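Engineer: Below is the file query-v2.cif, which contains mmCIF, C-alpha atoms.
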data_entry
#
loop_
_atom_site.label_atom_id
_atom_site.label_comp_id
_atom_site.auth_asym_id
_atom_site.auth_seq_id
_atom_site.Cartn_x
_atom_site.Cartn_y
_atom_site.Cartn_z
CA MET A 252 -15.95 4.91 -9.30
CA HIS A 253 -13.65 2.92 -11.54
CA GLU A 254 -16.21 0.56 -13.05
CA LEU A 255 -15.24 1.42 -16.61
CA THR A 256 -11.61 0.41 -16.06
CA LEU A 257 -12.76 -2.79 -14.37
CA ALA A 258 -15.20 -3.49 -17.21
CA GLU A 259 -12.37 -3.08 -19.73
CA ARG A 260 -10.25 -5.54 -17.76
CA ALA A 261 -13.14 -8.00 -17.53
CA LEU A 262 -13.71 -7.74 -21.27
CA GLY A 263 -9.99 -8.36 -21.86
CA ILE A 264 -10.27 -11.65 -19.94
CA VAL A 265 -13.47 -12.57 -21.81
CA GLU A 266 -12.04 -11.82 -25.26
CA LYS A 267 -8.78 -13.65 -24.60
CA THR A 268 -10.61 -16.77 -23.44
CA ALA A 269 -13.12 -16.60 -26.30
CA ARG A 270 -10.43 -16.10 -28.94
CA GLU A 271 -8.37 -19.00 -27.62
CA ALA A 272 -11.46 -21.20 -27.86
CA GLY A 273 -12.04 -20.11 -31.47
CA ALA A 274 -15.32 -18.40 -30.66
CA GLN A 275 -17.06 -16.16 -33.15
CA ARG A 276 -19.27 -14.53 -30.64
CA VAL A 277 -19.76 -14.31 -26.90
CA THR A 278 -23.45 -14.52 -26.05
CA ARG A 279 -23.36 -14.30 -22.27
CA ILE A 280 -20.96 -13.12 -19.58
CA ARG A 281 -21.43 -14.00 -15.91
CA LEU A 282 -19.68 -11.86 -13.31
CA SER A 283 -19.59 -12.37 -9.57
CA ILE A 284 -19.34 -9.15 -7.57
CA GLY A 285 -19.22 -9.53 -3.81
CA ALA A 286 -21.42 -7.32 -1.64
CA LEU A 287 -18.24 -5.88 -0.08
CA ALA A 288 -16.37 -5.31 -3.36
CA HIS A 289 -15.41 -1.79 -4.41
CA VAL A 290 -17.92 -1.57 -7.25
CA ASP A 291 -21.52 -0.82 -7.89
CA PRO A 292 -23.01 -3.84 -9.72
CA ASP A 293 -25.50 -1.86 -11.81
CA THR A 294 -22.81 0.56 -13.00
CA MET A 295 -20.55 -2.42 -13.68
CA GLN A 296 -23.21 -4.06 -15.81
CA TYR A 297 -23.77 -0.85 -17.76
CA CYS A 298 -20.02 -0.33 -18.27
CA CYS A 299 -19.61 -3.92 -19.50
CA GLU A 300 -22.29 -3.28 -22.09
CA VAL A 301 -20.54 -0.09 -23.18
CA VAL A 302 -17.05 -1.58 -23.51
CA SER A 303 -18.27 -4.72 -25.31
CA ARG A 304 -19.41 -2.70 -28.33
CA ASP A 305 -17.30 -3.57 -31.40
CA SER A 306 -15.87 -6.59 -29.61
CA LEU A 307 -16.47 -10.34 -29.76
CA ALA A 308 -18.90 -9.80 -26.90
CA GLU A 309 -21.04 -7.17 -28.58
CA GLY A 310 -24.64 -7.68 -27.55
CA ALA A 311 -23.76 -10.38 -25.00
CA GLN A 312 -26.13 -10.78 -22.09
CA ILE A 313 -24.34 -9.65 -18.95
CA GLU A 314 -25.33 -11.20 -15.63
CA VAL A 315 -23.96 -9.95 -12.33
CA THR A 316 -24.44 -12.19 -9.33
CA ARG A 317 -23.84 -10.83 -5.84
CA ALA A 318 -21.96 -12.96 -3.34
CA PRO A 319 -22.90 -12.15 0.29
CA GLY A 320 -20.37 -10.50 2.59
CA LEU A 321 -18.84 -12.52 5.43
CA ALA A 322 -16.41 -11.50 8.16
CA TRP A 323 -14.59 -13.13 11.07
CA CYS A 324 -15.47 -11.44 14.36
CA SER A 325 -12.56 -11.89 16.74
CA THR A 326 -14.77 -10.94 19.70
CA CYS A 327 -17.43 -13.57 18.94
CA GLN A 328 -14.84 -15.99 17.51
CA ALA A 329 -17.32 -16.69 14.71
CA GLU A 330 -17.98 -15.93 11.07
CA VAL A 331 -20.79 -13.40 10.70
CA ALA A 332 -22.76 -11.85 7.86
CA LEU A 333 -21.66 -8.32 6.88
CA ALA A 334 -23.80 -6.25 4.52
CA GLN A 335 -21.39 -3.32 4.18
CA VAL A 336 -17.85 -2.33 5.15
CA GLY A 337 -17.99 -0.15 8.26
CA GLU A 338 -21.02 -1.85 9.80
CA PRO A 339 -20.71 -3.55 13.20
CA CYS A 340 -20.87 -7.27 13.93
CA PRO A 341 -24.57 -8.18 13.93
CA ALA A 342 -24.06 -10.36 17.01
CA CYS A 343 -21.94 -8.26 19.40
CA GLY A 344 -22.06 -4.78 17.86
CA GLY A 345 -18.27 -4.55 17.81
CA TYR A 346 -15.92 -3.74 14.94
CA GLN A 347 -13.19 -6.37 15.35
CA LEU A 348 -14.03 -7.73 11.93
CA LYS A 349 -11.87 -9.20 9.20
CA ILE A 350 -13.57 -9.76 5.85
CA THR A 351 -13.43 -13.40 4.81
CA ASP A 352 -15.69 -13.45 1.76
CA GLY A 353 -17.76 -11.20 -0.45
CA ASP A 354 -15.10 -8.79 -1.71
CA GLN A 355 -14.43 -10.65 -4.97
CA MET A 356 -14.81 -9.27 -8.48
CA GLN A 357 -14.64 -12.22 -10.84
CA VAL A 358 -15.45 -13.31 -14.36
CA VAL A 359 -17.24 -16.61 -13.62
CA ASP A 360 -17.94 -17.98 -17.09
CA ILE A 361 -18.95 -17.08 -20.62
CA SER A 362 -21.15 -18.65 -23.27
CA ILE A 363 -19.70 -18.67 -26.77
CA GLU A 364 -20.75 -19.67 -30.26
CA MET B 151 -15.14 7.45 -19.76
CA CYS B 152 -16.60 6.47 -16.41
CA VAL B 153 -19.92 8.19 -15.82
CA THR B 154 -19.31 8.47 -12.10
CA CYS B 155 -15.78 9.76 -11.75
CA GLY B 156 -14.39 10.21 -15.23
CA CYS B 157 -11.90 7.36 -15.15
CA GLY B 158 -10.98 5.38 -18.23
CA GLY B 159 -7.66 4.50 -19.84
CA GLY B 160 -6.22 5.56 -23.13
CA ASP B 161 -4.15 8.70 -22.66
CA ALA B 162 -1.83 8.04 -19.74
CA SER B 163 1.83 9.11 -19.93
CA ILE B 164 5.08 8.99 -17.96
CA ASP B 165 7.17 12.18 -17.94
CA GLY B 166 5.20 13.19 -21.01
CA HIS B 167 5.80 9.97 -23.01
CA ASP B 168 3.01 7.57 -23.93
CA LEU B 169 2.39 4.63 -21.67
CA ARG B 170 2.71 1.18 -23.23
CA TYR B 171 -0.30 -1.07 -23.00
CA ALA B 172 -0.97 -4.04 -25.25
CA PRO B 173 -3.69 -2.76 -27.60
CA ARG B 174 -6.95 -4.58 -27.18
CA GLN B 175 -7.82 -6.57 -30.29
CA ARG B 176 -11.09 -5.64 -31.88
CA LYS B 177 -13.57 -8.09 -33.30
CA ASP B 178 -12.30 -7.68 -36.86
CA ALA B 179 -8.73 -8.53 -35.94
CA ALA B 180 -9.70 -11.40 -33.70
CA ALA B 181 -12.11 -13.24 -35.97
CA PRO B 182 -10.90 -16.65 -37.10
CA LYS B 183 -10.12 -17.15 -40.78
CA ALA B 184 -13.14 -17.46 -43.03
CA GLY B 185 -14.55 -20.92 -43.11
CA THR B 186 -13.12 -22.21 -39.84
CA PHE B 187 -16.25 -21.88 -37.75
CA ARG B 188 -18.96 -20.34 -39.87
CA PRO B 189 -21.93 -22.60 -40.39
CA MET B 190 -23.46 -20.97 -43.47
CA GLY B 191 -20.54 -19.26 -45.19
CA GLY B 192 -19.84 -15.56 -44.82
CA HIS B 193 -22.75 -13.57 -43.47
CA SER B 194 -23.42 -10.85 -41.01
CA HIS B 195 -25.21 -11.64 -37.78
CA ALA B 196 -28.74 -10.41 -38.33
CA PRO B 197 -30.63 -9.50 -35.16
CA LEU B 198 -32.16 -12.93 -34.77
CA ASP B 199 -29.28 -14.80 -36.39
CA ALA B 200 -31.76 -15.71 -39.11
CA ASN B 201 -29.10 -17.33 -41.30
CA HIS B 202 -28.13 -19.89 -38.69
CA ALA B 203 -29.72 -23.28 -38.95
CA PRO B 204 -30.71 -24.05 -35.33
CA GLU B 205 -28.57 -27.20 -35.02
CA MET B 206 -25.50 -25.28 -36.14
CA THR B 207 -25.57 -22.79 -33.22
CA ALA B 208 -23.12 -24.63 -31.04
CA GLU B 209 -23.21 -22.63 -27.83
CA ARG B 210 -20.64 -23.61 -25.25
CA VAL B 211 -20.00 -22.41 -21.71
CA LEU B 212 -16.40 -21.74 -20.70
CA ARG B 213 -15.60 -21.55 -17.01
CA ILE B 214 -13.12 -18.77 -16.25
CA GLU B 215 -13.33 -17.93 -12.54
CA GLN B 216 -10.66 -15.29 -12.86
CA ASP B 217 -10.41 -12.12 -10.80
CA ILE B 218 -11.11 -9.04 -12.88
CA LEU B 219 -7.96 -7.45 -11.46
CA SER B 220 -5.78 -10.55 -11.94
CA GLY B 221 -3.71 -8.80 -14.63
CA ASN B 222 -2.99 -5.87 -12.32
CA ASP B 223 -2.34 -8.16 -9.36
CA ALA B 224 0.19 -10.23 -11.33
CA GLN B 225 2.08 -7.08 -12.31
CA ALA B 226 1.92 -5.84 -8.71
CA ALA B 227 3.46 -9.13 -7.53
CA ALA B 228 6.26 -8.69 -10.10
CA ASN B 229 6.82 -5.09 -8.91
CA ARG B 230 6.92 -6.28 -5.29
CA ALA B 231 9.55 -8.91 -6.12
CA GLN B 232 11.65 -6.32 -7.93
CA PHE B 233 11.37 -3.89 -4.99
CA ALA B 234 12.28 -6.65 -2.52
CA ALA B 235 15.38 -7.52 -4.57
CA ARG B 236 16.49 -3.89 -4.21
CA GLY B 237 15.70 -3.81 -0.49
CA LEU B 238 13.20 -1.00 -1.04
CA PHE B 239 10.48 0.11 1.37
CA VAL B 240 7.67 1.19 -0.95
CA LEU B 241 4.66 3.24 0.17
CA ASN B 242 1.53 4.15 -1.77
CA PHE B 243 0.13 7.50 -0.50
CA VAL B 244 -3.60 7.91 -0.97
CA SER B 245 -5.97 10.69 0.05
CA SER B 246 -8.51 13.20 -1.24
CA PRO B 247 -7.18 15.99 -3.45
CA GLY B 248 -5.89 18.84 -1.31
CA SER B 249 -4.99 16.88 1.82
CA GLY B 250 -1.39 18.01 1.38
CA LYS B 251 0.24 14.81 0.10
CA THR B 252 2.94 16.57 -1.90
CA THR B 253 3.71 19.07 0.88
CA LEU B 254 4.00 16.15 3.30
CA LEU B 255 6.31 14.28 0.90
CA VAL B 256 8.54 17.33 0.40
CA ASP B 257 8.76 17.80 4.18
CA THR B 258 9.38 14.06 4.71
CA ILE B 259 12.22 14.09 2.17
CA GLN B 260 13.82 17.12 3.82
CA ARG B 261 13.61 15.57 7.28
CA TRP B 262 14.91 12.23 5.93
CA ALA B 263 18.03 14.20 4.95
CA ALA B 264 19.42 11.54 2.61
CA ARG B 265 19.63 9.01 5.46
CA THR B 266 19.15 6.42 2.71
CA PRO B 267 18.61 6.88 -1.02
CA LEU B 268 15.02 7.56 -2.04
CA ALA B 269 12.92 8.28 -5.10
CA VAL B 270 9.37 9.42 -5.76
CA ILE B 271 6.75 8.40 -8.30
CA GLU B 272 4.09 11.09 -8.70
CA GLY B 273 0.62 10.41 -10.07
CA ASP B 274 -1.75 13.10 -11.33
CA GLN B 275 -4.22 13.39 -14.15
CA GLN B 276 -2.28 16.28 -15.66
CA THR B 277 0.82 18.49 -15.18
CA ALA B 278 4.31 17.72 -13.91
CA ASN B 279 4.02 20.28 -11.10
CA ASP B 280 4.28 17.75 -8.28
CA ALA B 281 7.35 15.98 -9.71
CA GLU B 282 8.99 19.38 -10.09
CA ARG B 283 8.27 20.21 -6.44
CA ILE B 284 9.90 16.90 -5.44
CA ARG B 285 12.91 17.43 -7.72
CA ALA B 286 13.42 20.85 -6.13
CA THR B 287 14.36 18.98 -2.92
CA GLY B 288 17.11 17.19 -4.84
CA ALA B 289 15.29 13.84 -4.85
CA PRO B 290 14.67 12.04 -8.16
CA ALA B 291 11.03 11.94 -9.26
CA VAL B 292 9.05 10.54 -12.18
CA GLN B 293 5.67 11.98 -13.07
CA ILE B 294 2.89 9.69 -14.28
CA ASN B 295 0.00 11.52 -15.93
CA THR B 296 -3.06 9.32 -15.99
CA GLY B 297 -5.01 11.52 -18.42
CA LYS B 298 -8.63 10.68 -17.75
CA GLY B 299 -7.62 7.89 -15.35
CA CYS B 300 -8.51 8.32 -11.69
CA HIS B 301 -5.87 6.02 -10.15
CA LEU B 302 -2.42 4.52 -10.70
CA ASP B 303 -2.15 0.87 -11.66
CA ALA B 304 0.69 -1.65 -11.36
CA HIS B 305 1.72 -1.35 -15.03
CA MET B 306 2.15 2.43 -14.75
CA VAL B 307 4.31 1.97 -11.66
CA ALA B 308 6.41 -0.74 -13.37
CA GLN B 309 7.17 1.64 -16.25
CA ALA B 310 7.88 4.54 -13.92
CA ALA B 311 10.28 2.30 -11.96
CA GLU B 312 11.93 1.28 -15.23
CA GLN B 313 12.36 4.95 -16.10
CA LEU B 314 14.03 5.61 -12.73
CA ALA B 315 16.32 2.62 -13.32
CA THR B 316 17.22 3.87 -16.83
CA GLN B 317 18.19 7.22 -15.32
CA ALA B 318 20.23 5.38 -12.65
CA GLN B 319 17.94 6.91 -10.01
CA MET B 320 16.29 3.79 -8.67
CA PRO B 321 17.38 3.53 -5.02
CA GLN B 322 18.88 0.48 -3.33
CA ASN B 323 18.13 -0.23 0.36
CA GLY B 324 16.00 2.88 0.73
CA LEU B 325 12.60 4.43 0.14
CA LEU B 326 10.32 4.57 -2.88
CA LEU B 327 7.37 6.88 -2.25
CA ILE B 328 4.43 6.70 -4.66
CA GLU B 329 1.92 9.55 -4.54
CA ASN B 330 -1.34 8.28 -6.01
CA VAL B 331 -3.94 10.42 -7.75
CA GLY B 332 -5.92 12.42 -5.18
CA ASN B 333 -9.05 10.28 -4.92
CA LEU B 334 -10.41 8.35 -1.94
CA VAL B 335 -12.30 5.83 -4.07
CA CYS B 336 -10.62 4.18 -7.03
CA PRO B 337 -6.99 3.75 -5.86
CA ALA B 338 -8.22 1.42 -3.09
CA ALA B 339 -8.74 -1.43 -5.57
CA PHE B 340 -5.34 -1.29 -7.28
CA ASP B 341 -2.31 -2.98 -5.76
CA LEU B 342 0.86 -1.31 -7.07
CA GLY B 343 3.33 -3.66 -5.38
CA GLU B 344 3.76 -1.42 -2.34
CA ALA B 345 4.51 -2.60 1.18
CA HIS B 346 1.71 -0.43 2.59
CA LYS B 347 -0.95 2.00 1.56
CA VAL B 348 -0.70 5.10 3.74
CA VAL B 349 -3.91 7.13 3.89
CA ILE B 350 -3.71 10.81 4.73
CA LEU B 351 -6.65 12.64 6.32
CA SER B 352 -6.15 16.35 6.90
CA VAL B 353 -8.03 18.05 9.71
CA THR B 354 -9.61 20.51 7.26
CA GLU B 355 -11.70 17.58 5.98
CA GLY B 356 -14.60 15.87 7.74
CA GLU B 357 -13.73 13.41 10.51
CA ASP B 358 -16.32 10.99 9.12
CA LYS B 359 -14.39 10.41 5.86
CA PRO B 360 -13.42 6.88 7.00
CA LEU B 361 -17.13 6.00 7.12
CA LYS B 362 -17.91 7.76 3.84
CA TYR B 363 -15.01 6.10 1.98
CA PRO B 364 -14.54 2.85 3.91
CA ASP B 365 -12.78 0.89 1.15
CA MET B 366 -9.75 3.18 1.19
CA PHE B 367 -9.38 3.18 4.98
CA ARG B 368 -9.82 -0.60 5.01
CA ALA B 369 -7.02 -0.95 2.45
CA ALA B 370 -4.58 1.23 4.43
CA ASP B 371 -1.97 0.09 6.96
CA LEU B 372 -1.29 3.54 8.41
CA LEU B 373 -3.39 6.66 8.89
CA LEU B 374 -1.63 10.01 8.93
CA ILE B 375 -3.79 12.80 10.35
CA SER B 376 -2.17 15.89 8.91
CA LYS B 377 -2.24 19.69 9.37
CA ILE B 378 -2.82 19.29 13.13
CA ASP B 379 -1.42 22.81 13.66
CA LEU B 380 -4.83 24.01 12.41
CA LEU B 381 -6.81 22.11 15.06
CA PRO B 382 -7.32 25.15 17.36
CA HIS B 383 -9.19 26.89 14.53
CA LEU B 384 -11.40 23.96 13.56
CA ASP B 385 -14.11 21.68 14.97
CA PHE B 386 -12.39 18.52 13.73
CA ASP B 387 -12.82 15.71 16.30
CA VAL B 388 -9.57 13.71 16.20
CA ALA B 389 -10.81 10.97 18.54
CA ALA B 390 -13.91 10.45 16.39
CA ALA B 391 -11.83 10.30 13.19
CA ILE B 392 -9.63 7.58 14.71
CA ARG B 393 -12.66 5.70 16.06
CA TYR B 394 -14.33 5.76 12.62
CA ALA B 395 -11.16 4.64 10.87
CA ARG B 396 -10.84 1.70 13.27
CA GLN B 397 -14.46 0.73 12.61
CA VAL B 398 -13.50 -0.12 9.04
CA ARG B 399 -9.92 -1.20 9.78
CA PRO B 400 -9.53 -2.51 13.34
CA ASP B 401 -6.27 -1.54 15.08
CA LEU B 402 -5.20 0.82 12.25
CA PRO B 403 -2.03 2.61 13.45
CA VAL B 404 -2.34 6.41 13.51
CA ILE B 405 0.25 9.19 13.49
CA GLN B 406 -0.90 12.79 13.95
CA LEU B 407 1.46 15.34 12.46
CA SER B 408 2.04 18.81 11.10
CA SER B 409 4.76 19.53 8.57
CA LYS B 410 4.39 23.23 9.51
CA THR B 411 5.32 22.84 13.18
CA GLY B 412 7.09 19.48 12.98
CA ALA B 413 4.75 17.97 15.59
CA GLY B 414 4.53 14.19 15.13
CA CYS B 415 7.17 14.19 12.40
CA ALA B 416 9.69 12.31 14.55
CA ALA B 417 7.19 9.46 15.04
CA TRP B 418 6.55 9.39 11.29
CA GLN B 419 10.30 9.31 10.51
CA ALA B 420 10.78 6.50 13.05
CA TRP B 421 7.97 4.52 11.37
CA LEU B 422 9.69 4.98 7.98
CA GLU B 423 13.06 4.02 9.41
CA SER B 424 11.80 0.77 10.87
CA GLY B 425 10.23 -0.08 7.50
CA VAL B 426 13.44 0.63 5.63
CA GLN B 427 15.33 -1.58 8.08
CA ARG B 428 12.89 -4.43 7.54
CA ALA B 429 13.01 -4.00 3.76
CA SER B 430 16.77 -3.82 3.49
CA SER B 431 17.18 -6.94 5.63
CA GLY B 432 14.61 -8.82 3.51
CA MET B 433 12.09 -9.02 6.35
CA LEU B 434 9.04 -7.57 4.63
CA PRO B 435 6.18 -10.02 4.23
#
Will you turn the file into structure tokens for me?
Structural biologist:
Amino acid sequence: MHELTLAERALGIVEKTAREAGAQRVTRIRLSIGALAHVDPDTMQYCCEVVSRDSLAEGAQIEVTRAPGLAWCSTCQAEVALAQVGEPCPACGGYQLKITDGDQMQVVDISIE
Amino acid sequence: MCVTCGCGGGDASIDGHDLRYAPRQRKDAAAPKAGTFRPMGGHSHAPLDANHAPEMTAERVLRIEQDILSGNDAQAAANRAQFAARGLFVLNFVSSPGSGKTTLLVDTIQRWAARTPLAVIEGDQQTANDAERIRATGAPAVQINTGKGCHLDAHMVAQAAEQLATQAQMPQNGLLLIENVGNLVCPAAFDLGEAHKVVILSVTEGEDKPLKYPDMFRAADLLLISKIDLLPHLDFDVAAAIRYARQVRPDLPVIQLSSKTGAGCAAWQAWLESGVQRASSGMLP
């Protein structure tokens, strides 16, 4: 997939923030990747490590937290858990689902020195 | 380069000219002036930061909470505003390689018969073949070559639109058709500023593609099932394909067509026309 491009964009956000804060080094990066986002978290973590070489974030610890997927089922008129896009509503078995949470790809915070 | 699909920036171009991206600053360029933050004078960071006195390691946490694609999304919003100001109906065509996107575009342009002005932005990793096929119809086209990249992004489209404007080929109150790189995965994540993503599934593919590549079908607002003239020779189950697509994107509108026989093309042209009318009267969301 496109994890490398996304990792480059994430690093851009990290470096800009770190530079503006006068940081010498980024020691930790926390990302939040929803369960329904278009990326594989392990690949994302690996790509972040690759792109951070020769940057302010070289050697930074990269943590990826997974937010659970949620969807609104218009049949049940309720918010339900959704593990994967394309799966049915766990309550009624239908597919009238609109994703409400868990598709985010976010830089949450960084630790700097 | 991406280990999975080969994507990665760096060598993209528009009509053969380099794409402009702000170069990413490296550590050397970004480091503050000597003495501003260094606890023990100039030194290199040894593996265990042995030179740092413990009390001098002032670690701070900065909250960011920013979407990784926020830069792309901001540019996409700017593109959308620019397209709206021109009354343009902009579509982002996505599919696997070989579904017949360019053939469908050529046929669509011919059937449109200059009803309104239109232009095309073509995306491929390499070659200008597709833009040349479009230009052969008489319609203006700009070719983006993404190099190793596996998708178009909003900045590429902004520069391609600028190129069309420079050549006085950017339409007003008409259609802008963007053909994305043939790839059912990566283009799903990138908003280009279009009104709709249109996903094309040809009947020579598997009908379960919507389940295999759900992100793309979820991102689309219209499904075109193409090459239906071949159905008598194939085992493709149209009803199943539509059912699968609507599992990931409830109520997804579907048009079945063949540019060979013209079947379904009138419905497709009517769909385009209603979009152009909404765009030129400022009624797009």
Engineer: At a cut-off of 7 Å, which residues of chain A touch chain B? Count all atoms listed in the file and give the answer as a list of chain:residue names.
Structural biologist: A:Met252, A:His253, A:Glu254, A:Leu255, A:Thr256, A:Leu257, A:Arg260, A:Ala261, A:Arg270, A:Gly273, A:Gln275, A:His289, A:Asp305, A:Ser306, A:Leu307, A:Val336, A:Gly337, A:Tyr346, A:Gln347, A:Met356, A:Gln357, A:Val358, A:Val359, A:Asp360, A:Ile361, A:Ser362, A:Ile363, A:Glu364
Engineer: Neighbours of range 315-331 of chain B within 6 Å (all atoms listed in the file; same-chain residues fewer than 3 positions away dropped), as a ChimeraX atom specification?
Structural biologist: /B:236-244,266-274,301,312,426,430
Engineer: Counting all atoms listed in the file, what is within 7 Å of Ser408 in chain B, bar same-chain residues fewer than 6 positions away, as a ChimeraX atom specification?
Structural biologist: /B:376-379,414
Engineer: If we count all atoms listed in the file, what is near Leu372 in chain B at a cut-off of 9 Å, once residues fewer than 6 positions away on the same chain are taken out, given as a PyMOL selection string?
Structural biologist: chain B and resi 346-350+402-405
Engineer: Could you tell me, as a PyMOL selection string, exactly which residues end up selected when the PyMOL selection byres ((chain A and resi 331) around 10) is applied to this structure?
Structural biologist: chain A and resi 320-324+327-330+332-334+340-342+348-351
Engineer: Grab the CA of Ala389 in chain B to CA of Glu357 in chain B distance for me, in Å with one decimal place.
Structural biologist: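 Answer for the CA of Ala389 in chain B to CA of Glu357 in chain B separation: 8.9 Å.
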Engineer: For the atom pair CA of His167 in chain B and CA of Ala278 in chain B, what is the interatomic distance in Å to one decimal place?
Structural biologist: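 A separation of 12.0 Å between them.
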Engineer: What lies within 8 Å of Leu262 in chain A using all atoms listed in the file, ignoring chain neighbours under 6 positions off, as a JSON list (two decimals) with C-alpha atoms, keeping the file's coordinate frame?
Structural biologist:
[["chain", "number", "residue", "atom", "x", "y", "z"],
["A", 299, "CYS", "CA", -19.61, -3.92, -19.50],
["A", 302, "VAL", "CA", -17.05, -1.58, -23.51],
["A", 303, "SER", "CA", -18.27, -4.72, -25.31],
["A", 308, "ALA", "CA", -18.90, -9.80, -26.90]]
Engineer: State, in Å with one decimal place, the distance from CA of Ala162 in chain B to CA of Ala226 in chain B.
Structural biologist: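 Atom-to-atom, CA of Ala162 in chain B to CA of Ala226 in chain B, that is 18.1 Å.
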Engineer: Might you spell out which residues the PyMOL selection byres ((chain B and resi 280) around 12) would select in the displayed file, as a PDB file with C-alpha atoms, in the coordinates of the input?
Structural biologist:
ATOM      1  CA  ASP B 165       7.170  12.180 -17.940  1.00  0.00           C
ATOM      2  CA  GLY B 250      -1.390  18.010   1.380  1.00  0.00           C
ATOM      3  CA  LYS B 251       0.240  14.810   0.100  1.00  0.00           C
ATOM      4  CA  THR B 252       2.940  16.570  -1.900  1.00  0.00           C
ATOM      5  CA  THR B 253       3.710  19.070   0.880  1.00  0.00           C
ATOM      6  CA  LEU B 254       4.000  16.150   3.300  1.00  0.00           C
ATOM      7  CA  LEU B 255       6.310  14.280   0.900  1.00  0.00           C
ATOM      8  CA  VAL B 256       8.540  17.330   0.400  1.00  0.00           C
ATOM      9  CA  VAL B 270       9.370   9.420  -5.760  1.00  0.00           C
ATOM     10  CA  ILE B 271       6.750   8.400  -8.300  1.00  0.00           C
ATOM     11  CA  GLU B 272       4.090  11.090  -8.700  1.00  0.00           C
ATOM     12  CA  GLY B 273       0.620  10.410 -10.070  1.00  0.00           C
ATOM     13  CA  ASP B 274      -1.750  13.100 -11.330  1.00  0.00           C
ATOM     14  CA  GLN B 275      -4.220  13.390 -14.150  1.00  0.00           C
ATOM     15  CA  GLN B 276      -2.280  16.280 -15.660  1.00  0.00           C
ATOM     16  CA  THR B 277       0.820  18.490 -15.180  1.00  0.00           C
ATOM     17  CA  ALA B 278       4.310  17.720 -13.910  1.00  0.00           C
ATOM     18  CA  ASN B 279       4.020  20.280 -11.100  1.00  0.00           C
ATOM     19  CA  ALA B 281       7.350  15.980  -9.710  1.00  0.00           C
ATOM     20  CA  GLU B 282       8.990  19.380 -10.090  1.00  0.00           C
ATOM     21  CA  ARG B 283       8.270  20.210  -6.440  1.00  0.00           C
ATOM     22  CA  ILE B 284       9.900  16.900  -5.440  1.00  0.00           C
ATOM     23  CA  ARG B 285      12.910  17.430  -7.720  1.00  0.00           C
ATOM     24  CA  ALA B 286      13.420  20.850  -6.130  1.00  0.00           C
ATOM     25  CA  THR B 287      14.360  18.980  -2.920  1.00  0.00           C
ATOM     26  CA  PRO B 290      14.670  12.040  -8.160  1.00  0.00           C
ATOM     27  CA  ALA B 291      11.030  11.940  -9.260  1.00  0.00           C
ATOM     28  CA  VAL B 292       9.050  10.540 -12.180  1.00  0.00           C
ATOM     29  CA  GLN B 293       5.670  11.980 -13.070  1.00  0.00           C
ATOM     30  CA  ILE B 294       2.890   9.690 -14.280  1.00  0.00           C
ATOM     31  CA  ASN B 295       0.000  11.520 -15.930  1.00  0.00           C
ATOM     32  CA  ILE B 328       4.430   6.700  -4.660  1.00  0.00           C
ATOM     33  CA  GLU B 329       1.920   9.550  -4.540  1.00  0.00           C
ATOM     34  CA  ASN B 330      -1.340   8.280  -6.010  1.00  0.00           C
ATOM     35  CA  VAL B 331      -3.940  10.420  -7.750  1.00  0.00           C
ATOM     36  CA  GLY B 332      -5.920  12.420  -5.180  1.00  0.00           C
TER      37      GLY B 332
END
Engineer: List the residues matched by the PyMOL selection byres ((chain A and resi 293-297) around 8) in the displayed structure as an MDAnalysis selection string, ordered by chain and then by residue number.
Structural biologist: chainID A and resid 254:255 257:258 290:292 298:301 313:315
Engineer: Determine the nearest neighbour of Arg281 in chain A from the options A:Gln355, A:Gln335, A:Thr268, A:Gln312, counting all atoms listed in the file.
Structural biologist: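 Residue with the minimum atom-to-atom distance to Arg281 in chain A: A:Gln312.
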